[in-house]
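Chemist: Structure file upload27.tsv (TSV, C-alpha atoms and all ligand atoms) is given on the next line.
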```tsv
chain	number	residue	atom	x	y	z
F	1	MET	CA	0.00	0.00	0.00
F	2	PRO	CA	2.73	2.41	-0.91
F	3	LEU	CA	3.59	5.81	-2.23
F	4	THR	CA	4.97	4.77	-5.58
F	5	LEU	CA	7.22	6.39	-8.17
F	6	ARG	CA	7.11	4.75	-11.58
F	7	ILE	CA	9.72	5.77	-14.10
F	8	ASP	CA	9.50	5.21	-17.84
F	9	ALA	CA	13.14	4.15	-18.10
F	10	ALA	CA	13.46	4.49	-21.88
F	11	ARG	CA	12.11	8.02	-21.83
F	12	TRP	CA	14.15	9.03	-18.79
F	13	ARG	CA	17.38	7.67	-20.24
F	14	ALA	CA	16.73	9.27	-23.62
F	15	HIS	CA	16.51	12.62	-21.81
F	16	GLN	CA	19.71	11.95	-19.84
F	17	GLU	CA	21.59	11.01	-23.00
F	18	VAL	CA	20.50	14.14	-24.86
F	19	TYR	CA	21.48	16.21	-21.83
F	20	VAL	CA	24.95	14.66	-21.61
F	21	ALA	CA	25.54	14.96	-25.36
F	22	THR	CA	24.43	18.62	-25.26
F	23	ALA	CA	26.90	19.36	-22.47
F	24	GLY	CA	29.75	17.77	-24.43
F	25	GLY	CA	29.86	14.13	-23.32
F	26	PRO	CA	30.27	12.15	-20.08
F	27	SER	CA	33.47	13.88	-18.99
F	28	ALA	CA	31.66	17.26	-19.06
F	29	VAL	CA	28.88	16.13	-16.71
F	30	VAL	CA	29.09	15.48	-12.97
F	31	PRO	CA	25.76	13.94	-11.94
F	32	VAL	CA	24.67	15.05	-8.47
F	33	VAL	CA	23.66	12.14	-6.23
F	34	LYS	CA	22.43	13.74	-3.01
F	35	GLY	CA	19.57	14.00	-0.57
F	36	ASN	CA	16.57	11.98	-1.67
F	37	GLY	CA	18.16	11.44	-5.08
F	38	TYR	CA	15.77	14.03	-6.50
F	39	GLY	CA	12.89	11.61	-5.88
F	40	PRO	CA	14.08	8.32	-7.41
F	41	GLY	CA	16.55	7.89	-4.52
F	42	ARG	CA	20.32	7.99	-4.39
F	43	ALA	CA	20.74	4.31	-5.27
F	44	VAL	CA	18.70	4.70	-8.45
F	45	VAL	CA	20.39	7.87	-9.69
F	46	ALA	CA	23.82	6.46	-8.77
F	47	ALA	CA	23.07	3.47	-11.01
F	48	GLU	CA	22.06	5.84	-13.80
F	49	ALA	CA	25.32	7.74	-13.38
F	50	VAL	CA	27.21	4.46	-13.77
F	51	ARG	CA	25.22	3.71	-16.93
F	52	LEU	CA	26.18	7.14	-18.30
F	53	ALA	CA	29.85	6.20	-17.79
F	54	VAL	CA	30.75	9.53	-16.19
F	55	PRO	CA	34.21	9.77	-14.60
F	56	ALA	CA	32.89	11.65	-11.54
F	57	VAL	CA	29.72	12.25	-9.52
F	58	ALA	CA	29.01	14.70	-6.68
F	59	VAL	CA	27.41	14.07	-3.28
F	60	GLY	CA	25.99	16.68	-0.93
F	61	THR	CA	27.51	15.56	2.36
F	62	TYR	CA	30.20	13.37	3.90
F	63	ASP	CA	27.43	11.20	5.31
F	64	GLU	CA	26.36	10.32	1.76
F	65	LEU	CA	29.90	9.58	0.65
F	66	ALA	CA	30.59	5.95	1.58
F	67	ASP	CA	27.41	4.51	0.10
F	68	VAL	CA	27.58	6.48	-3.14
F	69	ALA	CA	31.32	5.87	-3.58
F	70	ARG	CA	30.73	2.12	-3.37
F	71	ARG	CA	27.92	2.29	-5.93
F	72	VAL	CA	29.78	4.35	-8.53
F	73	ALA	CA	33.32	2.96	-8.10
F	74	PRO	CA	35.73	3.49	-9.71
F	75	ALA	CA	34.27	6.92	-10.59
F	76	ASP	CA	35.46	9.84	-8.48
F	77	VAL	CA	33.13	11.38	-5.89
F	78	VAL	CA	33.22	15.10	-5.15
F	79	VAL	CA	31.80	16.10	-1.77
F	80	MET	CA	30.09	19.47	-2.19
F	81	THR	CA	29.90	20.37	1.49
F	82	PRO	CA	33.24	22.02	2.15
F	83	TRP	CA	35.82	20.12	4.16
F	84	ARG	CA	36.25	21.33	7.73
F	85	PRO	CA	38.90	20.29	10.27
F	86	GLY	CA	36.61	17.84	12.11
F	87	GLN	CA	36.32	15.77	8.92
F	88	ALA	CA	39.88	14.48	9.00
F	89	GLY	CA	40.23	10.73	9.21
F	90	SER	CA	41.07	7.79	7.00
F	91	ALA	CA	37.45	7.12	6.09
F	92	VAL	CA	37.20	10.35	4.13
F	93	LEU	CA	40.69	10.50	2.72
F	94	GLY	CA	40.31	7.68	0.19
F	95	GLU	CA	41.59	7.82	-3.37
F	96	GLN	CA	38.11	8.07	-4.87
F	97	VAL	CA	37.21	11.22	-2.95
F	98	ILE	CA	37.65	14.81	-4.05
F	99	HIS	CA	37.19	17.31	-1.23
F	100	THR	CA	35.81	20.79	-1.71
F	101	VAL	CA	37.87	23.42	0.10
F	102	SER	CA	36.32	26.81	0.72
F	103	ARG	CA	38.65	28.54	3.24
F	104	LEU	CA	42.38	29.25	3.24
F	105	GLU	CA	42.83	27.77	6.70
F	106	ASP	CA	41.24	24.49	5.60
F	107	LEU	CA	43.44	24.33	2.53
F	108	ALA	CA	46.44	24.96	4.77
F	109	ALA	CA	45.36	22.17	7.14
F	110	LEU	CA	44.93	19.68	4.29
F	111	ALA	CA	48.20	20.76	2.70
F	112	ALA	CA	49.96	20.14	6.01
F	113	SER	CA	48.58	16.59	6.32
F	114	ALA	CA	50.61	13.73	4.94
F	115	ALA	CA	47.67	12.35	2.99
F	116	GLN	CA	48.00	14.62	-0.08
F	117	PRO	CA	44.20	14.65	-0.51
F	118	ARG	CA	42.55	15.45	-3.81
F	119	VAL	CA	40.82	18.83	-3.66
F	120	VAL	CA	38.86	21.31	-5.72
F	121	VAL	CA	39.08	24.88	-4.49
F	122	GLU	CA	35.76	26.66	-4.38
F	123	LEU	CA	35.67	30.39	-5.05
F	124	LEU	CA	32.96	32.61	-3.61
F	125	THR	CA	30.45	33.62	-6.28
F	126	SER	CA	27.45	35.96	-6.22
F	127	MET	CA	25.63	33.03	-4.55
F	128	ARG	CA	27.66	33.65	-1.40
F	129	ARG	CA	27.23	30.13	-0.11
F	130	HIS	CA	30.79	28.87	0.35
F	131	GLY	CA	34.12	29.78	-1.17
F	132	ILE	CA	37.42	31.58	-0.91
F	133	ASP	CA	37.33	35.27	-1.83
F	134	PRO	CA	38.87	35.62	-5.32
F	135	ALA	CA	40.97	38.46	-3.86
F	136	GLN	CA	42.83	35.74	-1.89
F	137	LEU	CA	43.83	33.72	-4.97
F	138	ALA	CA	47.50	34.63	-4.61
F	139	GLU	CA	47.49	33.06	-1.13
F	140	VAL	CA	45.85	29.88	-2.46
F	141	VAL	CA	48.52	29.01	-5.00
F	142	PRO	CA	51.47	28.12	-2.69
F	143	LEU	CA	49.19	25.87	-0.61
F	144	LEU	CA	48.27	23.79	-3.68
F	145	ASP	CA	51.68	22.09	-3.55
F	146	GLY	CA	50.58	20.17	-0.44
F	147	VAL	CA	47.46	18.68	-2.04
F	148	ARG	CA	46.48	17.10	-5.33
F	149	PHE	CA	44.78	19.99	-7.08
F	150	GLU	CA	41.79	18.80	-9.14
F	151	GLY	CA	40.48	22.18	-10.24
F	152	TRP	CA	38.41	25.20	-9.34
F	153	SER	CA	34.79	25.04	-8.27
F	154	LEU	CA	32.00	27.60	-8.70
F	155	HIS	CA	28.44	27.47	-7.40
F	156	LEU	CA	26.37	29.86	-9.48
F	157	PRO	CA	22.93	31.37	-8.92
F	158	LEU	CA	19.90	30.36	-10.95
F	159	SER	CA	18.54	33.70	-11.98
F	160	ARG	CA	19.06	37.43	-12.49
F	161	THR	CA	22.74	37.11	-13.33
F	162	ASP	CA	24.21	35.32	-16.34
F	163	PRO	CA	25.94	32.21	-14.95
F	164	VAL	CA	28.10	31.90	-18.06
F	165	ALA	CA	29.47	35.43	-17.71
F	166	GLU	CA	30.29	34.85	-14.03
F	167	ALA	CA	31.89	31.46	-14.78
F	168	VAL	CA	34.00	32.99	-17.56
F	169	ARG	CA	35.11	35.89	-15.39
F	170	LEU	CA	35.98	33.89	-12.26
F	171	GLY	CA	37.36	30.98	-14.29
F	172	ALA	CA	39.81	33.25	-16.10
F	173	LEU	CA	40.85	34.89	-12.85
F	174	ALA	CA	41.48	31.55	-11.14
F	175	ARG	CA	43.21	29.90	-14.10
F	176	ALA	CA	45.57	32.87	-14.38
F	177	HIS	CA	46.87	31.74	-10.97
F	178	ARG	CA	46.81	28.00	-11.62
F	179	ASP	CA	45.44	26.25	-14.68
F	180	GLY	CA	43.02	23.40	-14.08
F	181	PRO	CA	39.53	22.05	-14.67
F	182	LEU	CA	36.60	24.30	-13.78
F	183	TRP	CA	33.71	22.58	-11.99
F	184	VAL	CA	30.52	24.67	-12.25
F	185	SER	CA	26.83	24.45	-11.43
F	186	HIS	CA	23.76	25.94	-13.08
F	187	VAL	CA	25.18	26.69	-16.50
F	188	PRO	CA	22.74	25.50	-19.18
F	189	PRO	CA	24.30	22.40	-20.81
F	190	GLY	CA	24.06	23.96	-24.25
F	191	ARG	CA	26.20	26.90	-23.10
F	192	LEU	CA	28.87	24.95	-21.21
F	193	ARG	CA	31.35	25.27	-24.10
F	194	GLU	CA	31.15	29.07	-23.81
F	195	VAL	CA	32.88	28.79	-20.44
F	196	GLY	CA	35.94	27.40	-22.21
F	197	GLY	CA	38.69	24.90	-21.37
F	198	ASP	CA	38.13	21.74	-19.32
F	199	VAL	CA	34.76	22.54	-17.76
F	200	ARG	CA	32.54	20.12	-15.85
F	201	LEU	CA	28.89	20.71	-15.05
F	202	ARG	CA	27.56	19.51	-11.69
F	203	THR	CA	23.90	18.86	-12.38
F	204	GLY	CA	20.97	17.26	-10.65
F	205	THR	CA	17.68	18.93	-11.49
F	206	GLY	CA	18.39	19.34	-15.19
F	207	LEU	CA	19.78	15.84	-15.65
F	208	TRP	CA	17.36	13.88	-13.47
F	209	LEU	CA	14.18	15.93	-13.47
F	210	ALA	CA	13.92	17.91	-16.68
F	211	GLY	CA	12.73	14.60	-18.10
F	212	HIS	CA	10.20	14.31	-15.27
F	213	HIS	CA	7.41	13.56	-17.72
F	214	ALA	CA	8.99	10.14	-17.52
F	215	MET	CA	7.97	9.98	-13.85
F	216	ARG	CA	4.62	9.35	-12.25
F	217	TRP	CA	3.93	9.41	-8.52
F	218	THR	CA	0.86	7.65	-7.17
F	219	ALA	CA	-0.52	7.03	-3.70
F	220	THR	CA	-2.47	3.92	-2.81
F	221	VAL	CA	-5.85	4.40	-1.17
F	222	ILE	CA	-5.56	2.40	2.07
F	223	ASP	CA	-9.04	3.03	3.44
F	224	VAL	CA	-12.33	4.64	2.44
F	225	HIS	CA	-14.86	5.92	5.00
F	226	ARG	CA	-18.24	7.36	4.06
F	227	LEU	CA	-19.04	10.07	6.62
F	228	ARG	CA	-22.31	11.81	7.39
F	229	ARG	CA	-22.46	15.43	8.40
F	230	GLY	CA	-21.51	15.66	12.10
F	231	ASP	CA	-19.47	12.43	12.21
F	232	THR	CA	-16.14	12.99	13.94
F	233	TYR	CA	-12.81	11.92	12.55
F	234	GLY	CA	-9.06	12.24	12.99
F	235	TYR	CA	-6.67	13.04	15.83
F	236	ARG	CA	-8.46	16.31	16.47
F	237	GLN	CA	-11.92	14.74	16.47
F	238	ARG	CA	-13.42	17.42	14.34
F	239	ALA	CA	-16.92	16.95	12.97
F	240	ALA	CA	-17.55	16.63	9.24
F	241	ARG	CA	-19.28	19.76	8.04
F	242	ARG	CA	-21.16	17.86	5.35
F	243	ASP	CA	-21.55	14.34	4.02
F	244	ALA	CA	-18.24	13.35	2.49
F	245	THR	CA	-15.85	10.51	1.73
F	246	LEU	CA	-12.79	10.39	3.95
F	247	LEU	CA	-9.85	8.73	2.20
F	248	VAL	CA	-6.79	7.42	4.01
F	249	VAL	CA	-3.97	7.42	1.45
F	250	ALA	CA	-0.31	6.40	1.46
F	251	GLY	CA	2.20	9.18	2.01
F	252	GLY	CA	2.69	11.20	5.16
F	253	THR	CA	5.24	13.34	6.90
F	254	SER	CA	7.86	10.56	6.73
F	255	HIS	CA	7.62	10.72	2.92
F	256	GLY	CA	7.91	14.51	2.98
F	257	ILE	CA	4.23	15.02	2.20
F	258	GLY	CA	2.82	18.36	3.29
F	259	LEU	CA	5.93	19.59	5.06
F	260	ALA	CA	6.25	22.62	2.82
F	261	GLY	CA	2.94	24.21	3.69
F	262	PRO	CA	0.73	23.10	0.83
F	263	ALA	CA	-0.93	25.73	-1.32
F	264	ALA	CA	-4.28	26.52	0.23
F	265	ALA	CA	-7.47	26.54	-1.75
F	266	VAL	CA	-8.68	29.38	0.45
F	267	MET	CA	-8.12	33.11	0.64
F	268	ALA	CA	-4.55	33.93	1.59
F	269	ARG	CA	-5.74	36.14	4.44
F	270	GLN	CA	-7.91	33.39	5.91
F	271	ARG	CA	-4.99	31.01	5.66
F	272	ALA	CA	-2.63	33.50	7.28
F	273	ALA	CA	-5.08	33.93	10.15
F	274	ALA	CA	-5.31	30.18	10.58
F	275	LEU	CA	-1.52	29.88	10.52
F	276	ALA	CA	-1.26	32.63	13.12
F	277	ARG	CA	-3.53	30.60	15.36
F	278	GLY	CA	-1.38	27.55	14.66
F	279	ALA	CA	-4.45	25.90	13.28
F	280	LEU	CA	-4.01	25.46	9.57
F	281	GLU	CA	-6.26	22.44	9.67
F	282	ALA	CA	-9.10	24.55	11.09
F	283	VAL	CA	-9.50	26.11	7.69
F	284	GLY	CA	-10.45	22.70	6.34
F	285	HIS	CA	-9.42	23.29	2.76
F	286	VAL	CA	-5.70	22.88	2.57
F	287	ARG	CA	-4.88	21.40	-0.80
F	288	SER	CA	-3.19	18.01	-0.70
F	289	PRO	CA	-0.93	16.75	-3.51
F	290	TYR	CA	-3.41	13.93	-4.21
F	291	ARG	CA	-5.77	14.06	-7.14
F	292	LEU	CA	-8.97	12.21	-7.93
F	293	ASP	CA	-10.44	12.70	-11.40
F	294	ARG	CA	-7.78	15.40	-11.85
F	295	ALA	CA	-9.11	17.54	-8.97
F	296	PHE	CA	-6.82	18.16	-6.00
F	297	LEU	CA	-8.28	16.77	-2.77
F	298	ALA	CA	-8.16	18.77	0.47
F	299	PHE	CA	-6.41	17.47	3.57
F	300	ALA	CA	-8.93	16.52	6.26
F	301	GLU	CA	-6.16	17.17	8.78
F	302	PRO	CA	-2.40	17.56	8.64
F	303	PRO	CA	-0.58	14.52	7.22
F	304	HIS	CA	0.16	11.71	9.67
F	305	MET	CA	3.53	9.93	9.70
F	306	GLN	CA	2.84	7.22	7.11
F	307	CYS	CA	-0.47	8.28	5.59
F	308	SER	CA	-2.76	11.24	5.06
F	309	MET	CA	-6.50	11.82	5.43
F	310	VAL	CA	-8.11	13.68	2.56
F	311	TRP	CA	-11.65	14.58	1.53
F	312	ALA	CA	-13.41	13.25	-1.55
F	313	PRO	CA	-17.00	13.97	-2.60
F	314	PRO	CA	-19.70	11.93	-0.81
F	315	GLY	CA	-20.38	9.52	-3.65
F	316	ALA	CA	-16.85	9.37	-5.00
F	317	ALA	CA	-16.13	6.21	-6.97
F	318	VAL	CA	-12.99	5.20	-5.12
F	319	ALA	CA	-12.05	1.94	-3.48
F	320	VAL	CA	-9.31	0.50	-1.30
F	321	GLY	CA	-6.31	-0.30	-3.50
F	322	ASP	CA	-6.98	2.44	-6.04
F	323	GLU	CA	-4.09	4.71	-6.84
F	324	LEU	CA	-4.35	8.50	-6.82
F	325	ASP	CA	-2.05	10.71	-8.84
F	326	ALA	CA	0.22	12.63	-6.50
F	327	ALA	CA	1.76	15.98	-7.48
F	328	VAL	CA	4.66	15.87	-5.04
F	329	ARG	CA	7.75	18.04	-4.72
F	330	TYR	CA	10.45	15.81	-6.16
F	331	PRO	CA	13.44	17.00	-4.09
F	332	THR	CA	11.63	16.54	-0.77
F	333	THR	CA	9.63	13.36	-1.29
F	334	TYR	CA	10.61	9.78	-0.51
F	335	ALA	CA	8.79	6.96	-2.31
F	336	ASP	CA	8.16	3.59	-0.68
F	337	GLU	CA	8.64	1.94	-4.03
F	338	VAL	CA	10.50	3.08	-7.13
F	339	THR	CA	9.92	1.07	-10.29
F	340	LEU	CA	11.77	1.50	-13.54
F	341	MET	CA	9.60	0.20	-16.31
F	401	LIG	C1	22.81	20.65	-5.46
F	401	LIG	C2	24.00	21.28	-6.07
F	401	LIG	C3	24.20	21.25	-7.45
F	401	LIG	C4	23.17	20.68	-8.39
F	401	LIG	O1	22.08	21.56	-8.43
F	401	LIG	P1	20.83	21.29	-9.37
F	401	LIG	O2	20.05	22.54	-9.34
F	401	LIG	O3	20.09	20.14	-8.82
F	401	LIG	O4	21.39	20.98	-10.75
F	401	LIG	C5	25.38	21.76	-7.97
F	401	LIG	N1	26.32	22.31	-7.15
F	401	LIG	C6	26.14	22.38	-5.81
F	401	LIG	C7	27.21	22.99	-4.97
F	401	LIG	C8	24.98	21.89	-5.23
F	401	LIG	O5	24.81	21.97	-3.90
```
Starting from the file, lay out its structure as structure tokens.

Modeler:
Amino acid sequence: MPLTLRIDAARWRAHQEVYVATAGGPSAVVPVVKGNGYGPGRAVVAAEAVRLAVPAVAVGTYDELADVARRVAPADVVVMTPWRPGQAGSAVLGEQVIHTVSRLEDLAALAASAAQPRVVVELLTSMRRHGIDPAQLAEVVPLLDGVRFEGWSLHLPLSRTDPVAEAVRLGALARAHRDGPLWVSHVPPGRLREVGGDVRLRTGTGLWLAGHHAMRWTATVIDVHRLRRGDTYGYRQRAARRDATLLVVAGGTSHGIGLAGPAAAVMARQRAAALARGALEAVGHVRSPYRLDRAFLAFAEPPHMQCSMVWAPPGAAVAVGDELDAAVRYPTTYADEVTLM
């Protein structure tokens, strides 16, 4: 009785292959294998990365490293969370791993270790997430002798600025100090060549999800209750305001359902007032991601851990075991079952 993600494998892979070819081939693409694996899960996207024969993938955190490294070996694994002193230790200093370094003191610490770790040096961009100030480039260069330098890394914003222009500008600045590959994010694959030289695109959303028409999420109906006006239901024992069908469907907070404050089908002001009272459910019409006959169903109360209660019309033709389409947020949702068909 699961929350299911079915993937049309042929269609998904056709999209991935076009994406990789557009970027310039497997060595130009660094598939990102992090978090919930963009919906399919890290194991599934790691296997796709292996199929694409890329020389390197990227993970979000050190916690994700061991599992992904094993799945994609012998491909390299770049850890995108910057290395910090507490990370030292044999487990993270393996040959397959490329560390991201974002502060001079961390680069100095790694350079001083005997391990000669592989590193990319991240420069601060207009994103202002992590990175060494480009004004400090001259101080970076002497420290590179103590590590195995694998290139420069840039994390670029999605909008307002031109990511290509910023990549070209910072790339030229960095390469004037030390030549090497440039690892970038958020450059459209068709424009990667404009950046110039050995450039590698870290990509998750574009590679895995732009072909999301290949993916379909469904939630199994686990129970159906026909309620009369006044019948009580749920943890809060509220009374039904009219005759209705109460559906218990797969997918709850543990799957990431409803955590993001679902779009309300009510006036924003009413919803704000309900939120202020800490009683979103009191409004009674918070849109769920589940659809029956294409209409979004309202949550009857906030999602439970493994399932959700939603309203359907009183005579709705729906039975236990049916599957409802679910319009979930891919990067925050965990499926019980992922099937490649
Ligand atoms: C997540 C991430 C990416 C990939 O971003 P998408 O938008 O999924 O392509 C690239 N670089 C860094 C540093 C990231 O954290």

Chemist: Counting only C-alpha atoms, which residue out of F:Leu170, F:Ala317, F:Leu209, F:Val141 sits closest to Val224 in chain F?

Modeler: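 Smallest separation from Val224 in chain F among the options: F:Ala317.
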
Chemist: Residues contacting ligand LIG 401 (chain F) - anything with an atom at most 6 Å away, using all atoms listed in the file - can you give me those as a PyMOL selection string?

Modeler: chain F and resi 32+80+155+185-186+202-206

Chemist: Would you mind listing what lies within 7 Å of range 36-38 of chain F as an MDAnalysis selection string, with all atoms listed in the file counted and same-chain residues fewer than 3 positions away left out?

Modeler: chainID F and resid 33 41:42 45 330:332 334

Chemist: Residues proximal to (34.7, 14.3, 0.5) were defined as those with any atom within 6 Å of that point in the file's coordinates, counting all atoms listed in the file. Which are they, as a CSV table (one decimal) with C-alpha atoms, keeping the file's coordinate frame?

Modeler:
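Saved result, selection.csv, follows:
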```csv
chain,number,residue,atom,x,y,z
F,62,TYR,CA,30.2,13.4,3.9
F,78,VAL,CA,33.2,15.1,-5.2
F,79,VAL,CA,31.8,16.1,-1.8
F,92,VAL,CA,37.2,10.4,4.1
F,97,VAL,CA,37.2,11.2,-3.0
F,98,ILE,CA,37.6,14.8,-4.0
F,99,HIS,CA,37.2,17.3,-1.2
```

Chemist: Could you pull out every residue with an atom within 7 Å of (2.6, 1.2, -3.2), file coordinates, counting all atoms listed in the file, and send them as a list in words?

Modeler: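 I get Met1, Pro2, Leu3, Thr4, Ala219, Thr220, Asp336 and Glu337 of chain F for the residues within 7 Å of that point.
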
Chemist: Mind checking which residues fall within 6 Å of Met305 in chain F, counting only C-alpha atoms, ignoring those fewer than 2 positions away in the same chain, and posting them as number ranges by chain?

Modeler: F: 252-254, 307

Chemist: Rank F:His15, F:Arg118, F:Arg236, F:Arg287 by their smallest atom-to-atom distance to Phe149 in chain F, using all atoms listed in the file, and report the top residue only.

Modeler: F:Arg118

Chemist: Between F:Val101, F:Val164, F:Val147, F:Leu340, which residue has the minimum interatomic distance to Ala115 in chain F, considering only C-alpha atoms?

Modeler: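 Smallest distance to Ala115 in chain F is found for F:Val147.
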
Chemist: Could you name the residues that touch range 211-216 of chain F at 9 Å or less, counting only C-alpha atoms, but leaving out those on the same chain fewer than 5 positions away, as a PyMOL selection string?

Modeler: chain F and resi 4-16+206+325-327

Chemist: With C-alpha atoms retained, could you export that selection as a PDB file, keeping the file's coordinate frame?

Modeler:
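Just written: result-v2.pdb:
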```pdb
ATOM      1  CA  THR F   4       4.970   4.770  -5.580  1.00  0.00           C
ATOM      2  CA  LEU F   5       7.220   6.390  -8.170  1.00  0.00           C
ATOM      3  CA  ARG F   6       7.110   4.750 -11.580  1.00  0.00           C
ATOM      4  CA  ILE F   7       9.720   5.770 -14.100  1.00  0.00           C
ATOM      5  CA  ASP F   8       9.500   5.210 -17.840  1.00  0.00           C
ATOM      6  CA  ALA F   9      13.140   4.150 -18.100  1.00  0.00           C
ATOM      7  CA  ALA F  10      13.460   4.490 -21.880  1.00  0.00           C
ATOM      8  CA  ARG F  11      12.110   8.020 -21.830  1.00  0.00           C
ATOM      9  CA  TRP F  12      14.150   9.030 -18.790  1.00  0.00           C
ATOM     10  CA  ARG F  13      17.380   7.670 -20.240  1.00  0.00           C
ATOM     11  CA  ALA F  14      16.730   9.270 -23.620  1.00  0.00           C
ATOM     12  CA  HIS F  15      16.510  12.620 -21.810  1.00  0.00           C
ATOM     13  CA  GLN F  16      19.710  11.950 -19.840  1.00  0.00           C
ATOM     14  CA  GLY F 206      18.390  19.340 -15.190  1.00  0.00           C
ATOM     15  CA  ASP F 325      -2.050  10.710  -8.840  1.00  0.00           C
ATOM     16  CA  ALA F 326       0.220  12.630  -6.500  1.00  0.00           C
ATOM     17  CA  ALA F 327       1.760  15.980  -7.480  1.00  0.00           C
TER      18      ALA F 327
END
```

Chemist: Grab the CA of Val29 in chain F to CA of Val54 in chain F distance for me, in Å with one decimal place.

Modeler: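 Separating CA of Val29 in chain F from CA of Val54 in chain F is a distance of 6.9 Å.
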
Chemist: Would you mind telling me which residue in F:Arg226, F:His304, F:Arg175, F:Arg238 lies nearest to Val318 in chain F when using all atoms listed in the file?

Modeler: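 Under the stated criterion, the closest residue is F:Arg226.
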
Chemist: Between F:Arg229, F:Arg129, F:Arg169, F:Arg148, single out the one closest to Glu95 in chain F, counting all atoms listed in the file.

Modeler: F:Arg148

Chemist: Pick out the residues sitting within 9 Å of His177 in chain F, and hand them over as a list in words; count all atoms listed in the file, and ignore anything fewer than 4 positions along from it in its own chain.

Modeler: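 So the residues in contact are Leu137, Ala138, Val140, Val141, Ala172 and Leu173 of chain F.
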
Chemist: Work out how far apart CA of Gln136 in chain F and CA of Pro31 in chain F are and give it in Å to one decimal.

Modeler: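 These atoms are spaced 29.5 Å apart.
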
Chemist: Can you work out the spacing between CA of Leu207 in chain F and CA of Tyr19 in chain F in Å, to one decimal?

Modeler: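 Between CA of Leu207 in chain F and CA of Tyr19 in chain F the gap is 6.4 Å.
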
Chemist: What lies within 8 Å of Leu192 in chain F using only C-alpha atoms, ignoring chain neighbours under 3 positions off, as an MDAnalysis selection string?

Modeler: chainID F and resid 23:24 164 187:189 195:196 199 201
